[in-house]
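A.B. asks: I'm passing along protein-v3.pdb; it holds PDB, N, CA and C atoms.
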```pdb
ATOM      1  N   MET A   1      -2.064   9.786   7.033
ATOM      2  CA  MET A   1      -2.933  10.816   6.527
ATOM      3  C   MET A   1      -2.356  11.463   5.273
ATOM      4  N   LYS A   2      -1.054  11.550   5.200
ATOM      5  CA  LYS A   2      -0.447  12.157   4.028
ATOM      6  C   LYS A   2      -0.759  11.346   2.780
ATOM      7  N   LYS A   3      -0.768  10.005   2.919
ATOM      8  CA  LYS A   3      -1.052   9.160   1.769
ATOM      9  C   LYS A   3      -2.462   9.391   1.268
ATOM     10  N   ILE A   4      -3.410   9.557   2.180
ATOM     11  CA  ILE A   4      -4.793   9.800   1.779
ATOM     12  C   ILE A   4      -4.886  11.125   1.034
ATOM     13  N   ALA A   5      -4.199  12.125   1.531
ATOM     14  CA  ALA A   5      -4.213  13.430   0.867
ATOM     15  C   ALA A   5      -3.634  13.329  -0.528
ATOM     16  N   VAL A   6      -2.577  12.556  -0.680
ATOM     17  CA  VAL A   6      -1.966  12.372  -2.003
ATOM     18  C   VAL A   6      -2.921  11.650  -2.931
ATOM     19  N   VAL A   7      -3.612  10.639  -2.418
ATOM     20  CA  VAL A   7      -4.574   9.911  -3.247
ATOM     21  C   VAL A   7      -5.693  10.840  -3.688
ATOM     22  N   PHE A   8      -6.211  11.682  -2.777
ATOM     23  CA  PHE A   8      -7.271  12.609  -3.153
ATOM     24  C   PHE A   8      -6.765  13.631  -4.168
ATOM     25  N   ALA A   9      -5.551  14.095  -3.990
ATOM     26  CA  ALA A   9      -4.988  15.035  -4.951
ATOM     27  C   ALA A   9      -4.858  14.382  -6.313
ATOM     28  N   SER A  10      -4.425  13.145  -6.329
ATOM     29  CA  SER A  10      -4.299  12.417  -7.587
ATOM     30  C   SER A  10      -5.663  12.221  -8.229
ATOM     31  N   ALA A  11      -6.653  11.876  -7.421
ATOM     32  CA  ALA A  11      -8.007  11.687  -7.931
ATOM     33  C   ALA A  11      -8.549  12.989  -8.512
ATOM     34  N   SER A  12      -8.219  14.101  -7.882
ATOM     35  CA  SER A  12      -8.661  15.404  -8.389
ATOM     36  C   SER A  12      -8.062  15.684  -9.758
ATOM     37  N   LEU A  13      -6.794  15.381  -9.903
ATOM     38  CA  LEU A  13      -6.156  15.578 -11.207
ATOM     39  C   LEU A  13      -6.794  14.692 -12.265
ATOM     40  N   MET A  14      -7.107  13.457 -11.891
ATOM     41  CA  MET A  14      -7.753  12.555 -12.837
ATOM     42  C   MET A  14      -9.144  13.066 -13.211
ATOM     43  N   ALA A  15      -9.865  13.607 -12.231
ATOM     44  CA  ALA A  15     -11.195  14.150 -12.496
ATOM     45  C   ALA A  15     -11.109  15.336 -13.433
ATOM     46  N   LEU A  16     -10.131  16.196 -13.233
ATOM     47  CA  LEU A  16      -9.942  17.328 -14.142
ATOM     48  C   LEU A  16      -9.657  16.843 -15.563
ATOM     49  N   ALA A  17      -8.842  15.827 -15.671
ATOM     50  CA  ALA A  17      -8.517  15.284 -16.990
ATOM     51  C   ALA A  17      -9.776  14.722 -17.648
ATOM     52  N   ALA A  18     -10.630  14.083 -16.876
ATOM     53  CA  ALA A  18     -11.845  13.491 -17.419
ATOM     54  C   ALA A  18     -12.851  14.558 -17.844
ATOM     55  N   CYS A  19     -12.793  15.739 -17.244
ATOM     56  CA  CYS A  19     -13.737  16.818 -17.561
ATOM     57  C   CYS A  19     -13.257  17.694 -18.706
ATOM     58  N   GLY A  20     -12.173  17.349 -19.316
ATOM     59  CA  GLY A  20     -11.690  18.125 -20.446
ATOM     60  C   GLY A  20     -10.512  19.013 -20.111
ATOM     61  N   GLU A  21     -10.265  19.246 -18.845
ATOM     62  CA  GLU A  21      -9.076  20.003 -18.475
ATOM     63  C   GLU A  21      -7.875  19.105 -18.714
ATOM     64  N   LYS A  22      -6.825  19.653 -19.265
ATOM     65  CA  LYS A  22      -5.661  18.831 -19.596
ATOM     66  C   LYS A  22      -4.461  19.264 -18.765
ATOM     67  N   PRO A  23      -4.205  18.571 -17.659
ATOM     68  CA  PRO A  23      -2.984  18.890 -16.902
ATOM     69  C   PRO A  23      -1.753  18.478 -17.707
ATOM     70  N   ALA A  24      -0.636  19.053 -17.372
ATOM     71  CA  ALA A  24       0.599  18.719 -18.072
ATOM     72  C   ALA A  24       0.888  17.229 -17.936
ATOM     73  N   ASN A  25       1.467  16.647 -18.967
ATOM     74  CA  ASN A  25       1.786  15.224 -18.935
ATOM     75  C   ASN A  25       2.654  14.864 -17.739
ATOM     76  N   GLU A  26       3.579  15.739 -17.392
ATOM     77  CA  GLU A  26       4.454  15.454 -16.261
ATOM     78  C   GLU A  26       3.631  15.333 -14.973
ATOM     79  N   THR A  27       2.639  16.205 -14.823
ATOM     80  CA  THR A  27       1.801  16.169 -13.634
ATOM     81  C   THR A  27       0.975  14.895 -13.589
ATOM     82  N   ALA A  28       0.393  14.540 -14.726
ATOM     83  CA  ALA A  28      -0.411  13.319 -14.789
ATOM     84  C   ALA A  28       0.448  12.097 -14.520
ATOM     85  N   ASN A  29       1.643  12.065 -15.103
ATOM     86  CA  ASN A  29       2.540  10.935 -14.879
ATOM     87  C   ASN A  29       2.976  10.852 -13.419
ATOM     88  N   ALA A  30       3.275  11.987 -12.826
ATOM     89  CA  ALA A  30       3.672  12.005 -11.424
ATOM     90  C   ALA A  30       2.514  11.540 -10.547
ATOM     91  N   SER A  31       1.312  11.972 -10.892
ATOM     92  CA  SER A  31       0.135  11.557 -10.134
ATOM     93  C   SER A  31      -0.056  10.053 -10.220
ATOM     94  N   ASN A  32       0.084   9.504 -11.403
ATOM     95  CA  ASN A  32      -0.045   8.058 -11.580
ATOM     96  C   ASN A  32       1.018   7.308 -10.787
ATOM     97  N   ALA A  33       2.230   7.827 -10.788
ATOM     98  CA  ALA A  33       3.317   7.177 -10.050
ATOM     99  C   ALA A  33       3.029   7.188  -8.555
ATOM    100  N   VAL A  34       2.472   8.286  -8.051
ATOM    101  CA  VAL A  34       2.155   8.371  -6.626
ATOM    102  C   VAL A  34       1.082   7.354  -6.269
ATOM    103  N   VAL A  35       0.034   7.251  -7.100
ATOM    104  CA  VAL A  35      -1.033   6.290  -6.839
ATOM    105  C   VAL A  35      -0.474   4.872  -6.865
ATOM    106  N   GLU A  36       0.381   4.579  -7.845
ATOM    107  CA  GLU A  36       0.990   3.246  -7.914
ATOM    108  C   GLU A  36       1.815   2.963  -6.669
ATOM    109  N   ASN A  37       2.557   3.953  -6.193
ATOM    110  CA  ASN A  37       3.375   3.766  -4.994
ATOM    111  C   ASN A  37       2.514   3.527  -3.762
ATOM    112  N   VAL A  38       1.423   4.256  -3.650
ATOM    113  CA  VAL A  38       0.533   4.087  -2.497
ATOM    114  C   VAL A  38      -0.059   2.683  -2.515
ATOM    115  N   VAL A  39      -0.488   2.239  -3.693
ATOM    116  CA  VAL A  39      -1.058   0.897  -3.799
ATOM    117  C   VAL A  39      -0.002  -0.153  -3.483
ATOM    118  N   GLU A  40       1.200   0.024  -4.028
ATOM    119  CA  GLU A  40       2.280  -0.928  -3.766
ATOM    120  C   GLU A  40       2.622  -0.967  -2.280
ATOM    121  N   ASN A  41       2.636   0.198  -1.643
ATOM    122  CA  ASN A  41       2.916   0.249  -0.201
ATOM    123  C   ASN A  41       1.832  -0.471   0.595
ATOM    124  N   ALA A  42       0.589  -0.326   0.163
ATOM    125  CA  ALA A  42      -0.505  -1.013   0.849
ATOM    126  C   ALA A  42      -0.374  -2.522   0.708
ATOM    127  N   VAL A  43       0.001  -2.963  -0.485
ATOM    128  CA  VAL A  43       0.200  -4.402  -0.706
ATOM    129  C   VAL A  43       1.348  -4.910   0.157
ATOM    130  N   ASN A  44       2.419  -4.149   0.210
ATOM    131  CA  ASN A  44       3.558  -4.545   1.041
ATOM    132  C   ASN A  44       3.178  -4.588   2.515
ATOM    133  N   ALA A  45       2.370  -3.638   2.962
ATOM    134  CA  ALA A  45       1.937  -3.633   4.359
ATOM    135  C   ALA A  45       1.089  -4.865   4.659
ATOM    136  N   ALA A  46       0.230  -5.231   3.708
ATOM    137  CA  ALA A  46      -0.584  -6.431   3.903
ATOM    138  C   ALA A  46       0.291  -7.675   3.950
ATOM    139  N   ASP A  47       1.284  -7.735   3.076
ATOM    140  CA  ASP A  47       2.221  -8.866   3.089
ATOM    141  C   ASP A  47       2.972  -8.932   4.415
ATOM    142  N   ASN A  48       3.400  -7.782   4.895
ATOM    143  CA  ASN A  48       4.124  -7.737   6.164
ATOM    144  C   ASN A  48       3.245  -8.205   7.314
ATOM    145  N   ALA A  49       1.980  -7.811   7.288
ATOM    146  CA  ALA A  49       1.056  -8.246   8.343
ATOM    147  C   ALA A  49       0.850  -9.754   8.278
ATOM    148  N   ALA A  50       0.727 -10.282   7.066
ATOM    149  CA  ALA A  50       0.563 -11.736   6.914
ATOM    150  C   ALA A  50       1.804 -12.465   7.408
ATOM    151  N   ASN A  51       2.968 -11.928   7.094
ATOM    152  CA  ASN A  51       4.213 -12.539   7.560
ATOM    153  C   ASN A  51       4.314 -12.491   9.082
ATOM    154  N   ALA A  52       3.891 -11.391   9.668
ATOM    155  CA  ALA A  52       3.926 -11.277  11.128
ATOM    156  C   ALA A  52       2.981 -12.299  11.759
ATOM    157  N   ALA A  53       1.822 -12.496  11.131
ATOM    158  CA  ALA A  53       0.878 -13.491  11.646
ATOM    159  C   ALA A  53       1.470 -14.896  11.531
ATOM    160  N   ASP A  54       2.121 -15.171  10.408
ATOM    161  CA  ASP A  54       2.779 -16.475  10.237
ATOM    162  C   ASP A  54       3.865 -16.673  11.282
ATOM    163  N   ASN A  55       4.637 -15.636  11.528
ATOM    164  CA  ASN A  55       5.701 -15.727  12.527
ATOM    165  C   ASN A  55       5.136 -15.979  13.919
ATOM    166  N   ALA A  56       4.025 -15.318  14.227
ATOM    167  CA  ALA A  56       3.394 -15.529  15.530
ATOM    168  C   ALA A  56       2.884 -16.966  15.649
ATOM    169  N   ALA A  57       2.309 -17.470  14.564
ATOM    170  CA  ALA A  57       1.819 -18.855  14.577
ATOM    171  C   ALA A  57       2.978 -19.824  14.748
ATOM    172  N   ASN A  58       4.080 -19.553  14.068
ATOM    173  CA  ASN A  58       5.260 -20.410  14.208
ATOM    174  C   ASN A  58       5.800 -20.383  15.633
ATOM    175  N   ALA A  59       5.813 -19.213  16.233
ATOM    176  CA  ALA A  59       6.284 -19.102  17.615
ATOM    177  C   ALA A  59       5.368 -19.874  18.554
ATOM    178  N   ALA A  60       4.071 -19.809  18.287
ATOM    179  CA  ALA A  60       3.128 -20.566  19.120
ATOM    180  C   ALA A  60       3.358 -22.057  18.955
ATOM    181  N   ASN A  61       3.651 -22.492  17.742
ATOM    182  CA  ASN A  61       3.932 -23.911  17.506
ATOM    183  C   ASN A  61       5.208 -24.350  18.222
ATOM    184  N   VAL A  62       6.205 -23.504  18.209
ATOM    185  CA  VAL A  62       7.451 -23.823  18.903
ATOM    186  C   VAL A  62       7.194 -23.960  20.396
ATOM    187  N   ALA A  63       6.423 -23.034  20.931
ATOM    188  CA  ALA A  63       6.107 -23.099  22.358
ATOM    189  C   ALA A  63       5.303 -24.349  22.699
ATOM    190  N   GLU A  64       4.359 -24.691  21.827
ATOM    191  CA  GLU A  64       3.564 -25.897  22.063
ATOM    192  C   GLU A  64       4.421 -27.138  21.970
ATOM    193  N   ASN A  65       5.326 -27.182  21.001
ATOM    194  CA  ASN A  65       6.225 -28.335  20.877
ATOM    195  C   ASN A  65       7.131 -28.473  22.090
ATOM    196  N   ALA A  66       7.595 -27.331  22.591
ATOM    197  CA  ALA A  66       8.450 -27.373  23.785
ATOM    198  C   ALA A  66       7.664 -27.891  24.974
ATOM    199  N   ALA A  67       6.416 -27.472  25.098
ATOM    200  CA  ALA A  67       5.598 -27.947  26.200
ATOM    201  C   ALA A  67       5.311 -29.440  26.076
ATOM    202  N   ASN A  68       5.100 -29.900  24.864
ATOM    203  CA  ASN A  68       4.818 -31.319  24.641
ATOM    204  C   ASN A  68       6.066 -32.197  24.852
ATOM    205  N   ALA A  69       7.243 -31.625  24.690
ATOM    206  CA  ALA A  69       8.476 -32.401  24.815
ATOM    207  C   ALA A  69       8.778 -32.746  26.270
ATOM    208  N   LYS A  70       8.168 -32.099  27.203
ATOM    209  CA  LYS A  70       8.444 -32.337  28.627
ATOM    210  C   LYS A  70       7.946 -33.664  29.078
TER     211      LYS A  70
END
```
Take the structure in this file and express it as C-alpha coordinates.

C.D. replies:
Amino acid sequence: MKKIAVVFASASLMALAACGEKPANETANASNAVVENVVENAVNAADNAANAADNAANAANVAENAANAK
(Lines of atoms letter the chains of each structure in order from A and count residues from 1; the text may use other names and numbers.)
(Lines give C-alpha, C1' and ligand atoms only; values in the text may rest on other atoms or scores of the structure.)
Protein backbone atom coordinates (compact mmCIF):
# COMPACT_ATOMS: atom_id res chain seq x y z
CA MET A 1 0.00 0.00 0.00
CA LYS A 2 2.86 2.36 0.66
CA LYS A 3 4.05 1.98 -2.93
CA ILE A 4 0.62 2.93 -4.25
CA ALA A 5 0.57 6.00 -2.04
CA VAL A 6 4.00 7.01 -3.32
CA VAL A 7 2.88 6.55 -6.92
CA PHE A 8 -0.20 8.71 -6.31
CA ALA A 9 1.91 11.35 -4.61
CA SER A 10 4.29 11.32 -7.55
CA ALA A 11 1.39 11.57 -9.99
CA SER A 12 0.05 14.55 -8.04
CA LEU A 13 3.37 16.33 -8.34
CA MET A 14 3.44 15.62 -12.06
CA ALA A 15 -0.12 16.95 -12.41
CA LEU A 16 0.84 20.14 -10.60
CA ALA A 17 3.80 20.56 -12.92
CA ALA A 18 1.54 20.08 -15.95
CA CYS A 19 -0.91 22.74 -14.67
CA GLY A 20 1.74 25.41 -14.46
CA GLU A 21 2.71 24.95 -10.84
CA LYS A 22 6.46 24.47 -10.65
CA PRO A 23 7.65 22.23 -7.83
CA ALA A 24 11.31 22.46 -6.91
CA ASN A 25 13.60 20.50 -9.21
CA GLU A 26 14.75 18.39 -6.28
CA THR A 27 11.16 17.38 -5.56
CA ALA A 28 10.45 16.54 -9.18
CA ASN A 29 13.67 14.55 -9.45
CA ALA A 30 12.94 12.68 -6.24
CA SER A 31 9.44 11.94 -7.48
CA ASN A 32 10.79 10.57 -10.75
CA ALA A 33 13.31 8.42 -8.90
CA VAL A 34 10.56 6.97 -6.70
CA VAL A 35 8.40 6.12 -9.73
CA GLU A 36 11.40 4.51 -11.44
CA ASN A 37 12.13 2.47 -8.31
CA VAL A 38 8.52 1.30 -8.02
CA VAL A 39 8.51 0.24 -11.67
CA GLU A 40 11.87 -1.50 -11.31
CA ASN A 41 10.63 -3.31 -8.19
CA ALA A 42 7.54 -4.46 -10.07
CA VAL A 43 9.68 -5.79 -12.91
CA ASN A 44 11.91 -7.58 -10.43
CA ALA A 45 8.88 -9.09 -8.70
CA ALA A 46 7.60 -10.36 -12.04
CA ASP A 47 11.01 -11.84 -12.82
CA ASN A 48 11.09 -13.51 -9.42
CA ALA A 49 7.64 -14.99 -9.98
CA ALA A 50 8.71 -16.31 -13.38
CA ASN A 51 11.82 -17.82 -11.84
CA ALA A 52 9.76 -19.45 -9.10
CA ALA A 53 7.46 -20.93 -11.74
CA ASP A 54 10.47 -22.25 -13.66
CA ASN A 55 11.87 -23.76 -10.48
CA ALA A 56 8.56 -25.44 -9.73
CA ALA A 57 8.44 -26.84 -13.26
CA ASN A 58 11.99 -28.12 -12.90
CA ALA A 59 11.12 -29.78 -9.61
CA ALA A 60 8.13 -31.43 -11.23
CA ASN A 61 10.36 -32.70 -14.03
CA VAL A 62 12.82 -34.11 -11.52
CA ALA A 63 10.02 -35.89 -9.71
CA GLU A 64 8.65 -37.26 -12.97
CA ASN A 65 12.10 -38.46 -14.03
CA ALA A 66 12.57 -40.17 -10.68
CA ALA A 67 9.23 -41.89 -11.05
CA ASN A 68 10.07 -43.01 -14.58
CA ALA A 69 13.46 -44.38 -13.49
CA LYS A 70 11.83 -47.04 -11.30

A.B. asks: Could you tell me how far atom C of Asn48 in chain A lies from atom C of Asn65 in chain A, in Å and to one decimal?

C.D. replies: 25.4 Å

A.B. asks: Report, in Å to a single decimal, how far apart atom C of Lys70 in chain A and atom N of Asp54 in chain A are.

C.D. replies: 26.9 Å

A.B. asks: Figure out the distance between atom N of Ala11 in chain A and CA of Glu36 in chain A, please, to one decimal in Å.

C.D. replies: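 These atoms are spaced 11.5 Å apart.
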
A.B. asks: Could range 23-34 of chain A be completed with all heavy atoms and written as a PDB file, in the frame of the given file, please?

C.D. replies:
```pdb
ATOM      1  N   PRO A  23      -4.205  18.571 -17.659  1.00  0.00           N
ATOM      2  CA  PRO A  23      -2.984  18.890 -16.902  1.00  0.00           C
ATOM      3  C   PRO A  23      -1.753  18.478 -17.707  1.00  0.00           C
ATOM      4  O   PRO A  23      -1.836  17.650 -18.604  1.00  0.00           O
ATOM      5  CB  PRO A  23      -3.119  18.049 -15.630  1.00  0.00           C
ATOM      6  CG  PRO A  23      -4.050  16.958 -15.979  1.00  0.00           C
ATOM      7  CD  PRO A  23      -4.956  17.491 -17.063  1.00  0.00           C
ATOM      8  N   ALA A  24      -0.636  19.053 -17.372  1.00  0.00           N
ATOM      9  CA  ALA A  24       0.599  18.719 -18.072  1.00  0.00           C
ATOM     10  C   ALA A  24       0.888  17.229 -17.936  1.00  0.00           C
ATOM     11  O   ALA A  24       0.535  16.608 -16.930  1.00  0.00           O
ATOM     12  CB  ALA A  24       1.758  19.534 -17.499  1.00  0.00           C
ATOM     13  N   ASN A  25       1.467  16.647 -18.967  1.00  0.00           N
ATOM     14  CA  ASN A  25       1.786  15.224 -18.935  1.00  0.00           C
ATOM     15  C   ASN A  25       2.654  14.864 -17.739  1.00  0.00           C
ATOM     16  O   ASN A  25       2.471  13.806 -17.142  1.00  0.00           O
ATOM     17  CB  ASN A  25       2.499  14.804 -20.220  1.00  0.00           C
ATOM     18  CG  ASN A  25       1.530  14.654 -21.372  1.00  0.00           C
ATOM     19  OD1 ASN A  25       0.334  14.490 -21.162  1.00  0.00           O
ATOM     20  ND2 ASN A  25       2.048  14.725 -22.582  1.00  0.00           N
ATOM     21  N   GLU A  26       3.579  15.739 -17.392  1.00  0.00           N
ATOM     22  CA  GLU A  26       4.454  15.454 -16.261  1.00  0.00           C
ATOM     23  C   GLU A  26       3.631  15.333 -14.973  1.00  0.00           C
ATOM     24  O   GLU A  26       3.889  14.474 -14.139  1.00  0.00           O
ATOM     25  CB  GLU A  26       5.510  16.550 -16.088  1.00  0.00           C
ATOM     26  CG  GLU A  26       6.521  16.619 -17.210  1.00  0.00           C
ATOM     27  CD  GLU A  26       6.043  17.474 -18.373  1.00  0.00           C
ATOM     28  OE1 GLU A  26       4.964  18.086 -18.279  1.00  0.00           O
ATOM     29  OE2 GLU A  26       6.747  17.508 -19.394  1.00  0.00           O
ATOM     30  N   THR A  27       2.639  16.205 -14.823  1.00  0.00           N
ATOM     31  CA  THR A  27       1.801  16.169 -13.634  1.00  0.00           C
ATOM     32  C   THR A  27       0.975  14.895 -13.589  1.00  0.00           C
ATOM     33  O   THR A  27       0.879  14.233 -12.557  1.00  0.00           O
ATOM     34  CB  THR A  27       0.872  17.396 -13.589  1.00  0.00           C
ATOM     35  OG1 THR A  27       1.661  18.578 -13.656  1.00  0.00           O
ATOM     36  CG2 THR A  27       0.038  17.404 -12.326  1.00  0.00           C
ATOM     37  N   ALA A  28       0.393  14.540 -14.726  1.00  0.00           N
ATOM     38  CA  ALA A  28      -0.411  13.319 -14.789  1.00  0.00           C
ATOM     39  C   ALA A  28       0.448  12.097 -14.520  1.00  0.00           C
ATOM     40  O   ALA A  28       0.043  11.190 -13.788  1.00  0.00           O
ATOM     41  CB  ALA A  28      -1.092  13.210 -16.153  1.00  0.00           C
ATOM     42  N   ASN A  29       1.643  12.065 -15.103  1.00  0.00           N
ATOM     43  CA  ASN A  29       2.540  10.935 -14.879  1.00  0.00           C
ATOM     44  C   ASN A  29       2.976  10.852 -13.419  1.00  0.00           C
ATOM     45  O   ASN A  29       3.039   9.759 -12.848  1.00  0.00           O
ATOM     46  CB  ASN A  29       3.757  11.032 -15.791  1.00  0.00           C
ATOM     47  CG  ASN A  29       3.412  10.792 -17.251  1.00  0.00           C
ATOM     48  OD1 ASN A  29       2.378  10.205 -17.555  1.00  0.00           O
ATOM     49  ND2 ASN A  29       4.259  11.249 -18.148  1.00  0.00           N
ATOM     50  N   ALA A  30       3.275  11.987 -12.826  1.00  0.00           N
ATOM     51  CA  ALA A  30       3.672  12.005 -11.424  1.00  0.00           C
ATOM     52  C   ALA A  30       2.514  11.540 -10.547  1.00  0.00           C
ATOM     53  O   ALA A  30       2.705  10.781  -9.597  1.00  0.00           O
ATOM     54  CB  ALA A  30       4.126  13.396 -11.014  1.00  0.00           C
ATOM     55  N   SER A  31       1.312  11.972 -10.892  1.00  0.00           N
ATOM     56  CA  SER A  31       0.135  11.557 -10.134  1.00  0.00           C
ATOM     57  C   SER A  31      -0.056  10.053 -10.220  1.00  0.00           C
ATOM     58  O   SER A  31      -0.320   9.392  -9.219  1.00  0.00           O
ATOM     59  CB  SER A  31      -1.100  12.274 -10.688  1.00  0.00           C
ATOM     60  OG  SER A  31      -2.262  11.792 -10.078  1.00  0.00           O
ATOM     61  N   ASN A  32       0.084   9.504 -11.403  1.00  0.00           N
ATOM     62  CA  ASN A  32      -0.045   8.058 -11.580  1.00  0.00           C
ATOM     63  C   ASN A  32       1.018   7.308 -10.787  1.00  0.00           C
ATOM     64  O   ASN A  32       0.737   6.270 -10.171  1.00  0.00           O
ATOM     65  CB  ASN A  32       0.057   7.683 -13.053  1.00  0.00           C
ATOM     66  CG  ASN A  32      -1.157   8.115 -13.841  1.00  0.00           C
ATOM     67  OD1 ASN A  32      -2.213   8.348 -13.275  1.00  0.00           O
ATOM     68  ND2 ASN A  32      -1.011   8.249 -15.139  1.00  0.00           N
ATOM     69  N   ALA A  33       2.230   7.827 -10.788  1.00  0.00           N
ATOM     70  CA  ALA A  33       3.317   7.177 -10.050  1.00  0.00           C
ATOM     71  C   ALA A  33       3.029   7.188  -8.555  1.00  0.00           C
ATOM     72  O   ALA A  33       3.288   6.197  -7.855  1.00  0.00           O
ATOM     73  CB  ALA A  33       4.647   7.869 -10.336  1.00  0.00           C
ATOM     74  N   VAL A  34       2.472   8.286  -8.051  1.00  0.00           N
ATOM     75  CA  VAL A  34       2.155   8.371  -6.626  1.00  0.00           C
ATOM     76  C   VAL A  34       1.082   7.354  -6.269  1.00  0.00           C
ATOM     77  O   VAL A  34       1.196   6.643  -5.267  1.00  0.00           O
ATOM     78  CB  VAL A  34       1.702   9.800  -6.254  1.00  0.00           C
ATOM     79  CG1 VAL A  34       1.069   9.826  -4.879  1.00  0.00           C
ATOM     80  CG2 VAL A  34       2.881  10.756  -6.311  1.00  0.00           C
TER      81      VAL A  34
END
```
